[in-house]
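The structure appears below as structure tokens.
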Amino acid sequence: MSDVDFEYLHGDHDHAGRAQSMLEAGAALVVVTRGSHGVQAWHGEAGALEVEAPAITVVDTIAPATAFQAALLYALQAMGRDRRVRR
């Protein structure tokens with residue numbers, strides 16, 4: 001989800017703490033896109049990851065988070081990581 005979605009759903013909670021709660025509730029992967037601040041992700045086994053956003057010239061702001069999520073899902077599938085982890 002985007003950071004805006006996160007704040008709408010969870011208020012001013014810290015991303016890492018809420019992500020941990022989601023993982024404990026059964027989520028396999030929690031991803032928060034943060035616009036020009038990059039992306040944070042948490043995985044139950046692999047831990048936390050943060051990636052900075054590259055500097056770009058913005059041309060269109062329509063659905064960037066949707067495009068990111070589509071690319072993420074494609075990459076996970078291409079790496080064979082698209083199976084749900086059974087707990």
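Following the order of the structure tokens, chains are lettered A, B, ..., residues in each are numbered from 1, and ligands are numbered from 1.
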
If you count only C-alpha atoms, which residues fall within 10 Å of range 2-18 of chain A, apart from same-chain ones fewer than 2 positions away, as a list of chain:residue names? A:Gln20, A:Ser21, A:Met22, A:Leu23, A:Glu24, A:Val30, A:Val31, A:Val32, A:Thr33, A:Arg34, A:Gly35, A:Val39, A:Gln40, A:Ala41, A:Trp42, A:Ala48, A:Pro64, A:Ala65, A:Thr66, A:Gln69

If we count only C-alpha atoms and set the cut-off at 10 Å, which residues sit around Ser36 in chain A, ignoring sequence neighbours fewer than 3 positions away in its own chain? Please answer as an NGL selection string. :A and (33 or 39 or 52-56)

Could you find all residues in chain A that DSSP calls strand (DSSP E) from the backbone, and write them as a list in words? Leu29, Val30, Val31, Val32, Thr33, Val39, Gln40, Ala41, Trp42, His43, Gly47, Ala48, Leu49, Glu50 and Val51 of chain A

Mind listing the alpha helix (DSSP H) residues of chain A, per DSSP on the backbone, as a PyMOL selection string? chain A and resi 3-10+15-24+64-78

Atoms kept (N, CA and C atoms) for selection, written as a short mmCIF file (atom, residue, chain, number, x, y, z; two decimals), in the first residue's frame:
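Saved to result-v9.cif:
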```cif
data_model
loop_
_atom_site.label_atom_id
_atom_site.label_comp_id
_atom_site.auth_asym_id
_atom_site.auth_seq_id
_atom_site.Cartn_x
_atom_site.Cartn_y
_atom_site.Cartn_z
N ASP A 3 2.00 5.03 1.40
CA ASP A 3 2.04 5.64 2.73
C ASP A 3 0.75 6.38 3.04
N VAL A 4 0.11 6.95 2.03
CA VAL A 4 -1.17 7.64 2.22
C VAL A 4 -2.24 6.63 2.62
N ASP A 5 -2.29 5.48 1.94
CA ASP A 5 -3.23 4.42 2.30
C ASP A 5 -2.96 3.93 3.72
N PHE A 6 -1.69 3.75 4.05
CA PHE A 6 -1.30 3.29 5.38
C PHE A 6 -1.82 4.24 6.44
N GLU A 7 -1.60 5.54 6.26
CA GLU A 7 -2.05 6.52 7.25
C GLU A 7 -3.56 6.56 7.35
N TYR A 8 -4.26 6.38 6.23
CA TYR A 8 -5.72 6.35 6.25
C TYR A 8 -6.21 5.16 7.08
N LEU A 9 -5.59 4.00 6.87
CA LEU A 9 -6.02 2.78 7.54
C LEU A 9 -5.53 2.66 8.98
N HIS A 10 -4.31 3.14 9.24
CA HIS A 10 -3.68 2.86 10.53
C HIS A 10 -3.27 4.10 11.31
N HIS A 15 5.39 2.43 10.65
CA HIS A 15 5.25 1.41 9.62
C HIS A 15 5.78 0.06 10.07
N ALA A 16 6.95 0.03 10.66
CA ALA A 16 7.57 -1.25 11.05
C ALA A 16 6.73 -1.99 12.08
N GLY A 17 6.24 -1.28 13.07
CA GLY A 17 5.44 -1.93 14.11
C GLY A 17 4.15 -2.50 13.56
N ARG A 18 3.48 -1.73 12.71
CA ARG A 18 2.23 -2.20 12.13
C ARG A 18 2.49 -3.35 11.15
N ALA A 19 3.60 -3.27 10.40
CA ALA A 19 3.95 -4.36 9.48
C ALA A 19 4.18 -5.64 10.26
N GLN A 20 4.85 -5.54 11.40
CA GLN A 20 5.08 -6.72 12.24
C GLN A 20 3.76 -7.33 12.68
N SER A 21 2.80 -6.49 13.05
CA SER A 21 1.47 -6.99 13.44
C SER A 21 0.80 -7.70 12.28
N MET A 22 0.94 -7.15 11.07
CA MET A 22 0.34 -7.78 9.89
C MET A 22 0.99 -9.13 9.61
N LEU A 23 2.32 -9.20 9.76
CA LEU A 23 3.02 -10.47 9.55
C LEU A 23 2.57 -11.51 10.57
N GLU A 24 2.43 -11.09 11.82
CA GLU A 24 1.98 -12.01 12.87
C GLU A 24 0.55 -12.48 12.63
N PRO A 64 1.13 5.75 -9.91
CA PRO A 64 2.49 5.21 -9.78
C PRO A 64 2.57 4.04 -8.81
N ALA A 65 1.80 4.07 -7.72
CA ALA A 65 1.83 2.95 -6.77
C ALA A 65 1.28 1.69 -7.41
N THR A 66 0.27 1.83 -8.26
CA THR A 66 -0.29 0.67 -8.96
C THR A 66 0.74 0.07 -9.90
N ALA A 67 1.46 0.92 -10.61
CA ALA A 67 2.51 0.43 -11.51
C ALA A 67 3.62 -0.27 -10.71
N PHE A 68 3.97 0.31 -9.57
CA PHE A 68 5.00 -0.32 -8.72
C PHE A 68 4.54 -1.70 -8.26
N GLN A 69 3.30 -1.80 -7.77
CA GLN A 69 2.80 -3.08 -7.28
C GLN A 69 2.75 -4.12 -8.40
N ALA A 70 2.36 -3.69 -9.60
CA ALA A 70 2.34 -4.62 -10.73
C ALA A 70 3.75 -5.12 -11.05
N ALA A 71 4.72 -4.22 -11.04
CA ALA A 71 6.11 -4.61 -11.30
C ALA A 71 6.62 -5.54 -10.21
N LEU A 72 6.28 -5.25 -8.96
CA LEU A 72 6.69 -6.10 -7.85
C LEU A 72 6.11 -7.51 -7.99
N LEU A 73 4.83 -7.60 -8.28
CA LEU A 73 4.20 -8.92 -8.44
C LEU A 73 4.79 -9.68 -9.62
N TYR A 74 5.06 -8.97 -10.71
CA TYR A 74 5.69 -9.60 -11.87
C TYR A 74 7.07 -10.15 -11.49
N ALA A 75 7.86 -9.34 -10.79
CA ALA A 75 9.21 -9.78 -10.39
C ALA A 75 9.14 -10.97 -9.45
N LEU A 76 8.23 -10.95 -8.50
CA LEU A 76 8.09 -12.09 -7.58
C LEU A 76 7.72 -13.36 -8.33
N GLN A 77 6.81 -13.22 -9.30
CA GLN A 77 6.42 -14.38 -10.09
C GLN A 77 7.59 -14.87 -10.95
N ALA A 78 8.32 -13.96 -11.56
CA ALA A 78 9.45 -14.34 -12.41
C ALA A 78 10.53 -15.06 -11.61
#
```
